[in-house]
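protein07.txt follows (compact mmCIF, C-alpha atoms and all ligand atoms):
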```txt
# COMPACT_ATOMS: atom_id res chain seq x y z
CA MET A 28 82.18 76.60 18.10
CA PRO A 29 81.49 74.22 20.99
CA PHE A 30 78.90 75.86 23.19
CA ILE A 31 77.89 73.19 25.64
CA LEU A 32 75.39 75.11 27.74
CA ARG A 33 74.65 78.25 25.74
CA LYS A 34 71.57 79.03 27.83
CA ALA A 35 73.51 78.86 31.09
CA LEU A 36 75.92 81.48 29.78
CA LYS A 37 73.07 83.90 29.32
CA GLU A 38 72.04 83.56 32.95
CA SER A 39 75.13 85.05 34.61
CA ASN A 40 77.29 88.09 34.04
CA GLN A 41 80.12 86.64 36.15
CA LEU A 42 82.22 84.24 34.12
CA GLY A 43 85.04 81.97 35.25
CA MET A 44 87.65 81.34 32.56
CA VAL A 45 90.55 78.88 32.60
CA LEU A 46 93.59 80.67 31.18
CA ALA A 47 95.86 79.12 28.55
CA PHE A 48 98.56 81.80 28.83
CA GLY A 49 98.08 83.45 32.25
CA GLN A 50 98.17 87.28 32.20
CA LEU A 51 98.35 87.36 28.42
CA SER A 52 95.00 85.58 28.26
CA VAL A 53 93.54 88.16 30.67
CA LEU A 54 94.77 90.89 28.33
CA GLU A 55 93.13 89.10 25.39
CA ILE A 56 89.84 88.76 27.31
CA CYS A 57 89.85 92.49 28.20
CA SER A 58 90.70 93.37 24.61
CA VAL A 59 87.94 91.26 23.00
CA PHE A 60 85.29 92.27 25.56
CA HIS A 61 86.50 95.86 25.61
CA GLY A 62 83.74 98.10 26.91
CA ALA A 63 81.63 95.21 28.25
CA ALA A 64 84.17 94.19 30.93
CA LEU A 65 83.45 95.84 34.27
CA LYS A 66 85.94 93.91 36.35
CA ALA A 67 88.61 91.26 35.73
CA GLU A 68 90.21 89.37 38.60
CA THR A 69 92.64 86.44 38.80
CA PRO A 70 91.74 84.63 42.03
CA CYS A 71 94.29 81.90 41.24
CA GLU A 72 97.05 81.45 38.68
CA ARG A 73 94.95 79.52 36.17
CA VAL A 74 91.60 81.26 36.43
CA ALA A 75 90.17 84.71 35.70
CA VAL A 76 86.76 86.00 36.70
CA LEU A 77 85.20 88.49 34.35
CA GLN A 78 82.23 90.62 35.29
CA THR A 79 80.37 92.05 32.34
CA ASP A 80 77.54 94.52 31.85
CA ARG A 81 75.89 92.62 29.01
CA GLN A 82 75.65 89.37 27.10
CA ILE A 83 78.99 88.45 25.59
CA THR A 84 78.13 84.97 24.38
CA ASP A 85 78.71 85.78 20.72
CA ASP A 86 82.17 87.27 21.28
CA LEU A 87 83.26 84.32 23.39
CA GLY A 88 83.84 82.22 20.27
CA ARG A 89 86.61 84.61 19.23
CA ILE A 90 88.75 84.09 22.33
CA ALA A 91 91.68 81.72 21.74
CA GLY A 92 93.64 81.94 24.99
CA ILE A 93 91.22 80.18 27.33
CA HIS A 94 90.47 76.49 27.82
CA LYS A 95 86.93 76.80 29.16
CA CYS A 96 84.36 79.25 30.39
CA ALA A 97 81.68 78.79 33.06
CA PRO A 98 78.93 81.14 34.27
CA LEU A 99 79.41 81.38 38.03
CA THR A 100 76.62 80.73 40.48
CA MET A 101 76.75 83.49 43.06
CA ALA A 102 75.01 83.85 46.42
CA GLU A 103 72.75 86.83 47.08
CA GLY A 104 75.45 88.86 48.83
CA GLY A 105 77.69 88.56 45.77
CA GLY A 106 80.06 85.88 47.11
CA PRO A 107 80.21 82.33 45.79
CA ALA A 108 77.14 80.15 46.26
CA ASP A 109 77.20 77.31 48.74
CA ALA A 110 77.87 73.89 47.15
CA ARG A 111 74.43 72.66 48.24
CA GLU A 112 72.72 75.57 46.48
CA PHE A 113 74.82 74.83 43.43
CA VAL A 114 73.50 71.24 43.25
CA GLU A 115 70.14 72.71 42.31
CA VAL A 116 71.74 74.49 39.34
CA LEU A 117 73.64 71.35 38.34
CA CYS A 118 70.56 69.16 38.37
CA ARG A 119 69.03 71.35 35.65
CA TYR A 120 71.70 70.13 33.26
CA LEU A 121 72.19 66.55 34.41
CA GLU A 122 70.29 63.51 33.28
CA GLU A 123 70.28 59.96 34.58
CA LYS A 124 73.58 58.36 33.38
CA SER A 125 75.21 61.72 32.53
CA ASN A 126 78.99 61.89 32.93
CA PHE A 127 79.96 64.38 35.58
CA ALA A 128 83.34 65.78 36.66
CA VAL A 129 84.74 68.47 38.91
CA SER A 130 87.77 70.47 37.70
CA GLY A 131 89.51 72.08 40.65
CA TYR A 132 91.93 75.01 40.22
CA GLY A 133 94.00 76.23 43.16
CA LEU A 134 92.25 73.80 45.54
CA ASP A 135 94.18 71.38 47.71
CA ALA A 136 93.40 67.65 47.65
CA THR A 137 91.25 67.78 50.80
CA GLU A 138 89.15 70.72 49.60
CA TYR A 139 88.73 69.05 46.22
CA GLU A 140 87.64 65.70 47.65
CA ALA A 141 85.23 67.33 50.10
CA LEU A 142 83.64 69.32 47.28
CA VAL A 143 83.25 66.28 45.02
CA ARG A 144 81.60 64.41 47.91
CA VAL A 145 79.11 67.21 48.67
CA LEU A 146 78.18 67.65 45.01
CA LEU A 147 77.85 63.94 44.34
CA ASP A 148 75.79 63.30 47.48
CA GLY A 149 73.56 66.26 46.55
CA ILE A 150 73.03 64.92 43.02
CA ARG A 151 72.17 61.45 44.33
CA ASP A 152 69.84 62.92 46.98
CA ALA A 153 68.07 64.79 44.19
CA GLY A 154 67.20 61.40 42.70
CA LEU A 155 69.86 61.18 39.97
CA ARG A 156 71.37 57.95 41.24
CA LYS A 157 73.08 56.80 38.07
CA VAL A 158 75.11 59.91 37.28
CA ARG A 159 78.68 58.75 36.57
CA LEU A 160 81.54 60.55 38.29
CA LEU A 161 84.65 60.91 36.12
CA ARG A 162 87.96 61.08 37.93
CA PRO A 163 90.21 63.25 35.72
CA ARG A 164 94.00 63.31 35.99
CA ASN A 165 95.28 66.18 38.18
CA ASN A 166 91.66 66.90 39.10
CA GLU A 167 91.02 68.67 35.79
CA LEU A 168 88.87 67.44 32.91
CA LEU A 169 90.47 68.84 29.76
CA SER A 170 88.27 70.60 27.24
CA GLU A 171 88.72 67.87 24.58
CA ASP A 172 87.58 65.28 27.14
CA ILE A 173 84.53 67.34 28.07
CA LEU A 174 83.47 67.10 24.43
CA LYS A 175 84.54 63.47 23.92
CA ARG A 176 82.82 62.20 27.06
CA GLU A 177 79.85 64.60 26.74
CA ALA A 178 80.46 65.39 30.38
CA LEU A 179 79.02 68.04 32.60
CA ASP A 180 82.16 69.62 34.02
CA VAL A 181 82.11 71.87 37.08
CA MET A 182 84.78 74.54 37.36
CA ALA A 183 85.79 75.17 41.01
CA PHE A 184 88.33 77.63 42.44
CA PRO A 185 88.89 79.74 45.56
CA TYR A 186 87.07 83.06 45.39
CA HIS A 187 86.16 85.68 48.02
CA ASP A 188 86.50 83.41 51.10
CA GLY A 189 84.61 80.56 49.45
CA ILE A 190 84.78 78.29 46.43
CA ALA A 191 83.32 79.62 43.18
CA LEU A 192 81.39 77.07 41.15
CA GLY A 193 80.07 77.07 37.62
CA PRO A 194 79.17 74.51 34.94
CA THR A 195 81.54 74.62 31.94
CA ALA A 196 79.39 76.11 29.21
CA TRP A 197 81.87 76.80 26.41
CA VAL A 198 85.22 75.41 25.23
CA PRO A 199 87.24 76.64 22.23
CA ASP A 200 87.61 74.72 19.01
CA SER A 201 91.14 73.51 19.74
CA THR A 202 91.04 70.56 17.33
CA SER A 203 91.03 72.70 14.20
CA MET A 204 93.70 75.02 15.63
CA ARG A 205 95.91 72.04 16.41
CA SER A 206 95.39 70.42 13.02
CA ARG A 207 96.40 73.66 11.28
CA GLY A 208 99.65 73.57 13.30
CA VAL A 209 100.65 69.97 12.65
CA GLY A 210 98.91 69.26 9.34
CA ARG A 211 100.37 72.08 7.21
CA PRO A 212 103.01 71.25 4.56
CA VAL A 213 105.87 72.93 6.51
CA PRO A 214 105.16 72.68 10.27
CA ARG A 215 108.59 74.05 11.50
CA SER A 216 107.69 73.60 15.14
CA GLU A 217 111.22 74.60 16.22
CA ILE A 218 110.71 78.23 15.18
CA SER A 219 106.95 78.53 15.30
CA LEU A 220 104.58 79.58 18.00
CA SER A 221 101.36 77.60 18.38
CA PRO A 222 98.25 78.51 16.34
CA ARG A 223 96.47 79.14 19.64
CA LEU A 224 99.07 81.71 20.70
CA ALA A 225 99.13 83.24 17.21
CA ARG A 226 95.36 83.70 17.33
CA THR A 227 95.55 85.22 20.83
CA LEU A 228 98.09 87.75 19.57
CA ILE A 229 95.94 88.55 16.54
CA ASN A 230 92.99 89.25 18.83
CA LEU A 231 95.19 91.78 20.63
CA ALA A 232 95.64 93.66 17.36
CA GLY A 233 91.84 94.22 17.31
CA LEU A 234 91.38 94.11 13.53
CA GLN A 235 88.18 93.89 11.49
CA SER A 236 87.80 91.34 8.70
CA GLY A 237 89.39 92.50 5.43
CA GLU A 238 91.97 94.69 7.20
CA ALA A 239 95.69 94.18 6.53
CA LEU A 240 97.88 92.45 9.11
CA LEU A 241 101.66 92.53 8.72
CA ASP A 242 104.17 90.04 10.13
CA PRO A 243 107.58 91.39 9.14
CA PHE A 244 109.44 88.34 10.59
CA CYS A 245 106.97 85.80 9.21
CA GLY A 246 109.09 82.60 9.42
CA SER A 247 106.90 79.74 8.20
CA GLY A 248 103.77 81.87 8.56
CA THR A 249 101.93 80.66 11.67
CA ILE A 250 100.65 84.15 12.49
CA LEU A 251 99.64 84.82 8.90
CA ALA A 252 97.86 81.46 8.62
CA GLU A 253 95.70 82.30 11.63
CA ALA A 254 95.16 85.81 10.29
CA PHE A 255 93.93 84.31 7.00
CA THR A 256 91.43 82.09 8.83
CA GLU A 257 90.21 85.28 10.57
CA SER A 258 89.55 86.84 7.11
CA LEU A 259 92.39 89.34 7.35
CA TYR A 260 94.59 90.33 4.42
CA CYS A 261 98.06 88.91 5.17
CA ILE A 262 101.30 90.75 4.47
CA GLY A 263 104.52 88.98 5.38
CA PHE A 264 108.27 89.54 5.00
CA ASP A 265 111.25 87.48 5.99
CA SER A 266 114.94 87.97 5.30
CA SER A 267 115.20 84.31 4.28
CA ALA A 268 113.90 83.30 0.85
CA ALA A 269 113.41 79.73 2.15
CA ARG A 270 111.06 80.95 4.92
CA VAL A 271 109.11 83.07 2.43
CA HIS A 272 108.60 80.00 0.28
CA GLU A 273 107.42 78.02 3.34
CA THR A 274 104.92 80.70 4.33
CA VAL A 275 103.51 80.78 0.81
CA ARG A 276 103.14 76.98 0.79
CA ASN A 277 101.45 77.00 4.20
CA LEU A 278 99.03 79.75 3.16
CA ARG A 279 98.17 78.10 -0.16
CA TRP A 280 97.44 74.88 1.73
CA LEU A 281 94.70 76.77 3.57
CA GLY A 282 93.25 77.93 0.24
CA ALA A 283 94.69 81.45 0.37
CA LEU A 284 95.30 83.12 -3.00
CA GLU A 285 98.32 85.27 -3.79
CA GLY A 286 97.28 88.89 -4.24
CA THR A 287 93.65 88.38 -3.18
CA SER A 288 94.39 87.21 0.35
CA PHE A 289 98.14 87.53 0.87
CA HIS A 290 101.34 89.26 -0.17
CA VAL A 291 104.50 87.58 1.13
CA ARG A 292 108.03 88.56 -0.03
CA LYS A 293 111.68 88.51 0.95
CA GLY A 294 112.34 91.70 2.89
CA ASP A 295 114.10 93.27 5.85
CA ALA A 296 111.90 94.13 8.83
CA ARG A 297 114.19 97.07 9.57
CA ASP A 298 113.33 98.70 6.26
CA LEU A 299 109.58 98.27 5.85
CA LYS A 300 109.13 101.54 4.01
CA ARG A 301 110.95 99.97 1.10
CA SER A 302 109.14 96.61 1.29
CA LEU A 303 105.70 98.23 1.68
CA ARG A 304 106.51 100.97 -0.83
CA GLY A 305 105.32 103.56 1.63
CA SER A 306 101.80 102.11 2.16
CA LYS A 307 100.39 101.56 5.67
CA VAL A 308 99.00 98.42 7.32
CA ASP A 309 96.14 98.19 9.86
CA GLY A 310 98.09 96.18 12.45
CA VAL A 311 101.33 94.29 13.08
CA VAL A 312 101.74 90.98 14.92
CA THR A 313 105.18 89.43 15.10
CA GLU A 314 107.73 87.31 16.94
CA PRO A 315 111.08 88.66 15.73
CA VAL A 316 113.88 86.64 17.31
CA LEU A 317 113.82 83.25 18.89
CA LEU A 318 116.71 82.83 21.35
CA PRO A 319 118.45 79.45 21.62
CA ALA A 320 116.80 76.76 23.76
CA PHE A 321 119.25 76.43 26.67
CA GLU A 322 120.10 73.04 28.18
CA ALA A 323 120.46 74.75 31.57
CA ARG A 324 119.81 78.23 32.90
CA PRO A 325 122.49 80.56 31.45
CA LYS A 326 124.58 83.00 33.48
CA THR A 327 123.07 86.46 33.80
CA ALA A 328 125.95 87.97 31.78
CA THR A 329 125.34 85.51 28.90
CA ALA A 330 121.60 86.24 28.94
CA GLU A 331 122.25 90.00 28.93
CA GLU A 332 124.59 89.71 25.98
CA LEU A 333 122.04 87.71 23.97
CA VAL A 334 119.23 90.13 24.83
CA ASN A 335 121.39 93.18 23.97
CA ASN A 336 122.28 91.70 20.59
CA ALA A 337 118.66 90.88 19.81
CA GLY A 338 117.63 94.31 21.13
CA GLU A 339 119.27 96.06 18.20
CA VAL A 340 117.12 94.21 15.63
CA TYR A 341 114.03 94.76 17.78
CA SER A 342 114.48 98.48 18.17
CA ARG A 343 115.24 99.11 14.51
CA ALA A 344 112.31 96.94 13.43
CA LEU A 345 109.99 98.64 15.94
CA ASP A 346 110.96 102.02 14.53
CA SER A 347 110.11 100.76 11.06
CA MET A 348 106.80 99.15 12.22
CA ALA A 349 105.74 102.40 13.95
CA ASP A 350 106.22 104.14 10.63
CA SER A 351 104.20 101.53 8.74
CA VAL A 352 101.08 101.19 10.87
CA ARG A 353 98.07 103.44 10.29
CA ARG A 354 96.80 105.83 12.96
CA GLY A 355 95.00 103.90 15.70
CA GLY A 356 96.65 100.64 14.59
CA ARG A 357 98.34 98.30 17.06
CA ILE A 358 101.74 96.60 17.06
CA VAL A 359 101.90 93.30 18.95
CA VAL A 360 105.48 92.10 19.56
CA VAL A 361 106.70 88.98 21.37
CA VAL A 362 109.90 89.45 23.39
CA PRO A 363 112.05 86.87 25.19
CA VAL A 364 112.45 86.66 28.97
CA ILE A 365 115.41 84.53 30.11
CA GLN A 366 115.54 82.83 33.50
CA THR A 367 119.18 82.82 34.61
CA MET A 368 121.17 80.52 36.92
CA ASP A 369 121.49 83.42 39.37
CA GLY A 370 117.72 83.37 39.82
CA GLU A 371 117.18 86.52 37.78
CA GLU A 372 115.05 87.32 34.79
CA VAL A 373 116.58 89.12 31.84
CA VAL A 374 113.89 90.75 29.75
CA LEU A 375 114.15 92.33 26.33
CA SER A 376 112.52 95.69 27.08
CA LEU A 377 111.14 98.01 24.45
CA ASP A 378 110.45 101.69 24.83
CA ALA A 379 108.40 103.21 22.05
CA ARG A 380 107.49 106.58 23.57
CA ASP A 381 109.93 108.38 21.26
CA LEU A 382 108.19 106.70 18.33
CA GLY A 383 104.86 108.24 19.35
CA LEU A 384 103.37 104.89 20.44
CA ARG A 385 101.61 104.20 23.73
CA LEU A 386 101.09 100.96 25.62
CA TYR A 387 97.66 99.43 25.03
CA GLN A 388 95.47 99.35 28.16
CA PRO A 389 91.96 98.04 27.32
CA GLY A 390 90.77 98.23 30.97
CA PRO A 391 89.27 97.47 33.44
CA VAL A 392 92.66 96.51 34.96
CA GLY A 393 96.08 97.99 34.24
CA PHE A 394 98.62 95.68 32.64
CA GLU A 395 102.32 95.76 33.38
CA TYR A 396 104.35 95.44 30.19
CA PRO A 397 105.75 93.27 28.81
CA VAL A 398 102.81 91.02 29.71
CA ARG A 399 104.12 87.58 30.66
CA LEU A 400 102.85 84.31 29.28
CA SER A 401 102.55 81.51 31.78
CA PHE A 402 102.55 77.79 31.05
CA GLU A 403 104.50 78.09 27.73
CA THR A 404 108.25 77.75 28.09
CA THR A 405 111.03 77.03 25.68
CA ARG A 406 113.82 75.87 27.99
CA TRP A 407 114.43 78.82 30.31
CA VAL A 408 113.30 81.33 27.69
CA ARG A 409 109.79 82.55 28.26
CA ARG A 410 107.71 84.74 26.08
CA ALA A 411 106.28 88.11 27.00
CA VAL A 412 104.28 90.48 24.85
CA TYR A 413 104.09 94.21 24.18
CA VAL A 414 101.03 95.78 22.60
CA PHE A 415 101.62 99.31 21.34
CA GLU A 416 98.99 101.58 19.96
CA SER A 417 99.51 104.37 17.50
CA PRO A 418 97.41 107.41 18.48
CA LEU A 419 94.39 108.31 16.35
C1 LIG A 501 111.14 83.42 15.32
S1 LIG A 501 111.08 83.33 13.60
C2 LIG A 501 109.40 83.69 13.28
C3 LIG A 501 108.57 82.48 13.36
C4 LIG A 501 107.16 82.68 12.96
N1 LIG A 501 106.42 83.43 13.95
C5 LIG A 501 106.49 81.33 12.71
O1 LIG A 501 105.61 80.97 13.48
O2 LIG A 501 106.91 80.63 11.81
C6 LIG A 501 111.91 84.78 13.10
C7 LIG A 501 112.10 84.92 11.62
O3 LIG A 501 112.65 86.21 11.39
C8 LIG A 501 113.50 86.14 10.26
N2 LIG A 501 114.38 87.32 10.33
C9 LIG A 501 115.48 87.52 11.10
N3 LIG A 501 115.94 88.78 10.91
C10 LIG A 501 115.10 89.39 10.03
C11 LIG A 501 115.03 90.70 9.47
N4 LIG A 501 115.92 91.64 9.77
N5 LIG A 501 114.00 90.97 8.63
C12 LIG A 501 113.07 90.03 8.32
N6 LIG A 501 113.11 88.78 8.81
C13 LIG A 501 114.10 88.46 9.66
C14 LIG A 501 114.17 84.79 10.36
O4 LIG A 501 114.56 84.33 9.08
C15 LIG A 501 113.06 83.92 10.97
O5 LIG A 501 112.36 83.22 9.97
```

Can you present the structure in this file as structure tokens?
Amino acid sequence: MPFILRKALKESNQLGMVLAFGQLSVLEICSVFHGAALKAETPCERVAVLQTDRQITDDLGRIAGIHKCAPLTMAEGGGPADAREFVEVLCRYLEEKSNFAVSGYGLDATEYEALVRVLLDGIRDAGLRKVRLLRPRNNELLSEDILKREALDVMAFPYHDGIALGPTAWVPDSTSMRSRGVGRPVPRSEISLSPRLARTLINLAGLQSGEALLDPFCGSGTILAEAFTESLYCIGFDSSAARVHETVRNLRWLGALEGTSFHVRKGDARDLKRSLRGSKVDGVVTEPVLLPAFEARPKTATAEELVNNAGEVYSRALDSMADSVRRGGRIVVVVPVIQTMDGEEVVLSLDARDLGLRLYQPGPVGFEYPVRLSFETTRWVRRAVYVFESPL
């Protein structure tokens, strides 16, 4: 896992994280660091700040829904450090001829340029005259480029009346996630979510290796493939025999063995008791129905009709999933949110109180369900996610 400045991460318990999926990523962060997270804030749309009570470096490698993580340099009063003070921190990691970049989030062009100037002047004044400034597109050096260019990247964003600064110390291993998505025998990108999103959802299920994860609408098996790479036992059903065959091919391509690491069959998600022969699973992660990709925003009435039709499958399947998950197990379900031409949002809402499930709240902030994903859209249909928990 690419730790760039592992030591720097150990020096701060305030971490800045660039979010891949907005609020959903914050939920994943709170879920993975459950217990260690004291505070989670989102000072701008793309960034979260997590305050922890202990070292979380080892768990960081499990997070899928962030693009980078930086330990923040704070001033004594708790606010962000002044850029000049930060130069001192930076110089610890820079060498003559290092590549250097500033990634600004939620900063306007003037603030960004002024910051780059102060940092660069400070670095040069400190005697590092040959440090090379990279000028990334949209003022953001992407995580792949940080690795490719071996650059020291500074994350900068507005925070508590100042600008928070931190050196990017960790980025996720996105190359292998991407190659699993495009390289598999049956990619089926038109119905599949990305491996990164699948892994984020799996993290929300909070399973231990060897436990059984069920996707009762498995499609071509993106969720199960990521579950297999996380050492979970994969159970999948789909009403289409063709999709079942595709999932099996995709899992075998990863080296998964029928019986030992997966069980995938034709089956109806609304009747899991029959498919599972009464046995229970440890967690469920699924995306049941993909609505059509609209050419233009639909009318509210059209969106409502689509959502109502899909709602029937969802509620019957949720009933069946609630029955099939063990006590304390979680059910992670993706629902569609349609943006209409009347400027409204039509959401597929689920209510599972009658099924004895509660909404998962890992703390330290409360999440409003369904939790929206930002930055991932399929033509006016957005995704949102419910995480239900069966009581112990
Ligand atoms: C949105 S796709 C799932 C895609 C999957 N997450 C992937 O990445 O490949 C939904 C799948 O549910 C299946 N399906 C629809 N109704 C079903 C039902 N009642 N029971 C089981 N599968 C069903 C469809 O055949 C389709 O493959």

In Å, how far is it from atom CA of Val59 of chain A to atom CA of Asp85 of chain A?
-> 11.0 Å

Quick one: residues within 10 Å of Ala153 of chain A, all atoms listed in the file counted, chain neighbours fewer than 4 positions away excluded, as a list in words?
->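 Skipping anything fewer than 4 positions along the chain leaves Val114, Glu115, Cys118, Leu147, Asp148 and Gly149 of chain A.
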
Residues of chain A at most 10 Å from ligand LIG 501 (chain A): nearest atom pair and distance in Å, only C-alpha atoms and all ligand atoms, as JSON lines:
```
{"residue": "A:Gly208", "atom": "CA", "partner": "A:LIG501", "partner_atom": "O1", "distance": 9.5}
{"residue": "A:Val213", "atom": "CA", "partner": "A:LIG501", "partner_atom": "O2", "distance": 9.4}
{"residue": "A:Pro214", "atom": "CA", "partner": "A:LIG501", "partner_atom": "O2", "distance": 8.3}
{"residue": "A:Arg215", "atom": "CA", "partner": "A:LIG501", "partner_atom": "O2", "distance": 6.8}
{"residue": "A:Ser216", "atom": "CA", "partner": "A:LIG501", "partner_atom": "O2", "distance": 7.8}
{"residue": "A:Glu217", "atom": "CA", "partner": "A:LIG501", "partner_atom": "O2", "distance": 8.6}
{"residue": "A:Ile218", "atom": "CA", "partner": "A:LIG501", "partner_atom": "C3", "distance": 5.1}
{"residue": "A:Ser219", "atom": "CA", "partner": "A:LIG501", "partner_atom": "O1", "distance": 3.3}
{"residue": "A:Leu220", "atom": "CA", "partner": "A:LIG501", "partner_atom": "O1", "distance": 4.8}
{"residue": "A:Ser221", "atom": "CA", "partner": "A:LIG501", "partner_atom": "O1", "distance": 7.3}
{"residue": "A:Pro222", "atom": "CA", "partner": "A:LIG501", "partner_atom": "O1", "distance": 8.3}
{"residue": "A:Leu224", "atom": "CA", "partner": "A:LIG501", "partner_atom": "O1", "distance": 9.8}
{"residue": "A:Ala225", "atom": "CA", "partner": "A:LIG501", "partner_atom": "O1", "distance": 7.8}
{"residue": "A:Asp242", "atom": "CA", "partner": "A:LIG501", "partner_atom": "N1", "distance": 8.0}
{"residue": "A:Pro243", "atom": "CA", "partner": "A:LIG501", "partner_atom": "C12", "distance": 5.7}
{"residue": "A:Phe244", "atom": "CA", "partner": "A:LIG501", "partner_atom": "O3", "distance": 3.9}
{"residue": "A:Cys245", "atom": "CA", "partner": "A:LIG501", "partner_atom": "C4", "distance": 4.9}
{"residue": "A:Gly246", "atom": "CA", "partner": "A:LIG501", "partner_atom": "O5", "distance": 3.4}
{"residue": "A:Ser247", "atom": "CA", "partner": "A:LIG501", "partner_atom": "O2", "distance": 3.7}
{"residue": "A:Gly248", "atom": "CA", "partner": "A:LIG501", "partner_atom": "O2", "distance": 4.7}
{"residue": "A:Thr249", "atom": "CA", "partner": "A:LIG501", "partner_atom": "O1", "distance": 4.1}
{"residue": "A:Ile250", "atom": "CA", "partner": "A:LIG501", "partner_atom": "O1", "distance": 6.0}
{"residue": "A:Leu251", "atom": "CA", "partner": "A:LIG501", "partner_atom": "O1", "distance": 8.5}
{"residue": "A:Ala252", "atom": "CA", "partner": "A:LIG501", "partner_atom": "O1", "distance": 9.2}
{"residue": "A:Gly263", "atom": "CA", "partner": "A:LIG501", "partner_atom": "C12", "distance": 9.1}
{"residue": "A:Phe264", "atom": "CA", "partner": "A:LIG501", "partner_atom": "C12", "distance": 5.9}
{"residue": "A:Asp265", "atom": "CA", "partner": "A:LIG501", "partner_atom": "N6", "distance": 3.6}
{"residue": "A:Ser266", "atom": "CA", "partner": "A:LIG501", "partner_atom": "N6", "distance": 4.0}
{"residue": "A:Ser267", "atom": "CA", "partner": "A:LIG501", "partner_atom": "O4", "distance": 4.8}
{"residue": "A:Ala268", "atom": "CA", "partner": "A:LIG501", "partner_atom": "O4", "distance": 8.3}
{"residue": "A:Ala269", "atom": "CA", "partner": "A:LIG501", "partner_atom": "O4", "distance": 8.4}
{"residue": "A:Arg270", "atom": "CA", "partner": "A:LIG501", "partner_atom": "O5", "distance": 5.7}
{"residue": "A:Val271", "atom": "CA", "partner": "A:LIG501", "partner_atom": "O5", "distance": 8.2}
{"residue": "A:Glu273", "atom": "CA", "partner": "A:LIG501", "partner_atom": "O2", "distance": 8.9}
{"residue": "A:Thr274", "atom": "CA", "partner": "A:LIG501", "partner_atom": "O2", "distance": 7.7}
{"residue": "A:Arg292", "atom": "CA", "partner": "A:LIG501", "partner_atom": "C12", "distance": 9.9}
{"residue": "A:Lys293", "atom": "CA", "partner": "A:LIG501", "partner_atom": "C12", "distance": 7.7}
{"residue": "A:Gly294", "atom": "CA", "partner": "A:LIG501", "partner_atom": "C12", "distance": 5.7}
{"residue": "A:Asp295", "atom": "CA", "partner": "A:LIG501", "partner_atom": "N5", "distance": 3.6}
{"residue": "A:Ala296", "atom": "CA", "partner": "A:LIG501", "partner_atom": "N5", "distance": 3.8}
{"residue": "A:Arg297", "atom": "CA", "partner": "A:LIG501", "partner_atom": "N4", "distance": 5.7}
{"residue": "A:Asp298", "atom": "CA", "partner": "A:LIG501", "partner_atom": "N5", "distance": 8.1}
{"residue": "A:Leu299", "atom": "CA", "partner": "A:LIG501", "partner_atom": "N5", "distance": 9.0}
{"residue": "A:Val312", "atom": "CA", "partner": "A:LIG501", "partner_atom": "N1", "distance": 8.9}
{"residue": "A:Thr313", "atom": "CA", "partner": "A:LIG501", "partner_atom": "N1", "distance": 6.2}
{"residue": "A:Glu314", "atom": "CA", "partner": "A:LIG501", "partner_atom": "N1", "distance": 5.1}
{"residue": "A:Pro315", "atom": "CA", "partner": "A:LIG501", "partner_atom": "C6", "distance": 4.8}
{"residue": "A:Val316", "atom": "CA", "partner": "A:LIG501", "partner_atom": "C1", "distance": 4.7}
{"residue": "A:Leu317", "atom": "CA", "partner": "A:LIG501", "partner_atom": "C1", "distance": 4.5}
{"residue": "A:Leu318", "atom": "CA", "partner": "A:LIG501", "partner_atom": "C1", "distance": 8.2}
{"residue": "A:Ala337", "atom": "CA", "partner": "A:LIG501", "partner_atom": "N3", "distance": 9.5}
{"residue": "A:Val340", "atom": "CA", "partner": "A:LIG501", "partner_atom": "N4", "distance": 6.5}
{"residue": "A:Tyr341", "atom": "CA", "partner": "A:LIG501", "partner_atom": "N4", "distance": 8.8}
{"residue": "A:Arg343", "atom": "CA", "partner": "A:LIG501", "partner_atom": "N4", "distance": 8.9}
{"residue": "A:Ala344", "atom": "CA", "partner": "A:LIG501", "partner_atom": "N4", "distance": 7.4}
{"residue": "A:Val361", "atom": "CA", "partner": "A:LIG501", "partner_atom": "N1", "distance": 9.3}
```

May I have the residues within 7 Å of Arg399 of chain A as JSON, numbers by chain, using only C-alpha atoms and disregarding those fewer than 4 positions away in the same chain?
-> {"A": [50, 51, 410, 411, 412]}

Close residues, segment 95-110 of chain A itself excluded, 9 Å, only C-alpha atoms, min 6 positions apart in chain, as a compact mmCIF listing (two decimals) with C-alpha atoms, in the coordinates of the input:
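Heads up, here's the output in part_18.txt:
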```
# COMPACT_ATOMS: atom_id res chain seq x y z
CA ALA A 35 73.51 78.86 31.09
CA LEU A 36 75.92 81.48 29.78
CA LYS A 37 73.07 83.90 29.32
CA GLU A 38 72.04 83.56 32.95
CA SER A 39 75.13 85.05 34.61
CA ASN A 40 77.29 88.09 34.04
CA GLN A 41 80.12 86.64 36.15
CA LEU A 42 82.22 84.24 34.12
CA GLY A 43 85.04 81.97 35.25
CA MET A 44 87.65 81.34 32.56
CA VAL A 45 90.55 78.88 32.60
CA LEU A 46 93.59 80.67 31.18
CA VAL A 76 86.76 86.00 36.70
CA LEU A 87 83.26 84.32 23.39
CA VAL A 116 71.74 74.49 39.34
CA LEU A 142 83.64 69.32 47.28
CA VAL A 145 79.11 67.21 48.67
CA LEU A 146 78.18 67.65 45.01
CA GLY A 149 73.56 66.26 46.55
CA LEU A 169 90.47 68.84 29.76
CA SER A 170 88.27 70.60 27.24
CA VAL A 181 82.11 71.87 37.08
CA MET A 182 84.78 74.54 37.36
CA TYR A 186 87.07 83.06 45.39
CA HIS A 187 86.16 85.68 48.02
CA ASP A 188 86.50 83.41 51.10
CA GLY A 189 84.61 80.56 49.45
CA ILE A 190 84.78 78.29 46.43
CA ALA A 191 83.32 79.62 43.18
CA LEU A 192 81.39 77.07 41.15
CA GLY A 193 80.07 77.07 37.62
CA PRO A 194 79.17 74.51 34.94
CA THR A 195 81.54 74.62 31.94
CA ALA A 196 79.39 76.11 29.21
CA TRP A 197 81.87 76.80 26.41
CA VAL A 198 85.22 75.41 25.23
CA PRO A 199 87.24 76.64 22.23
```
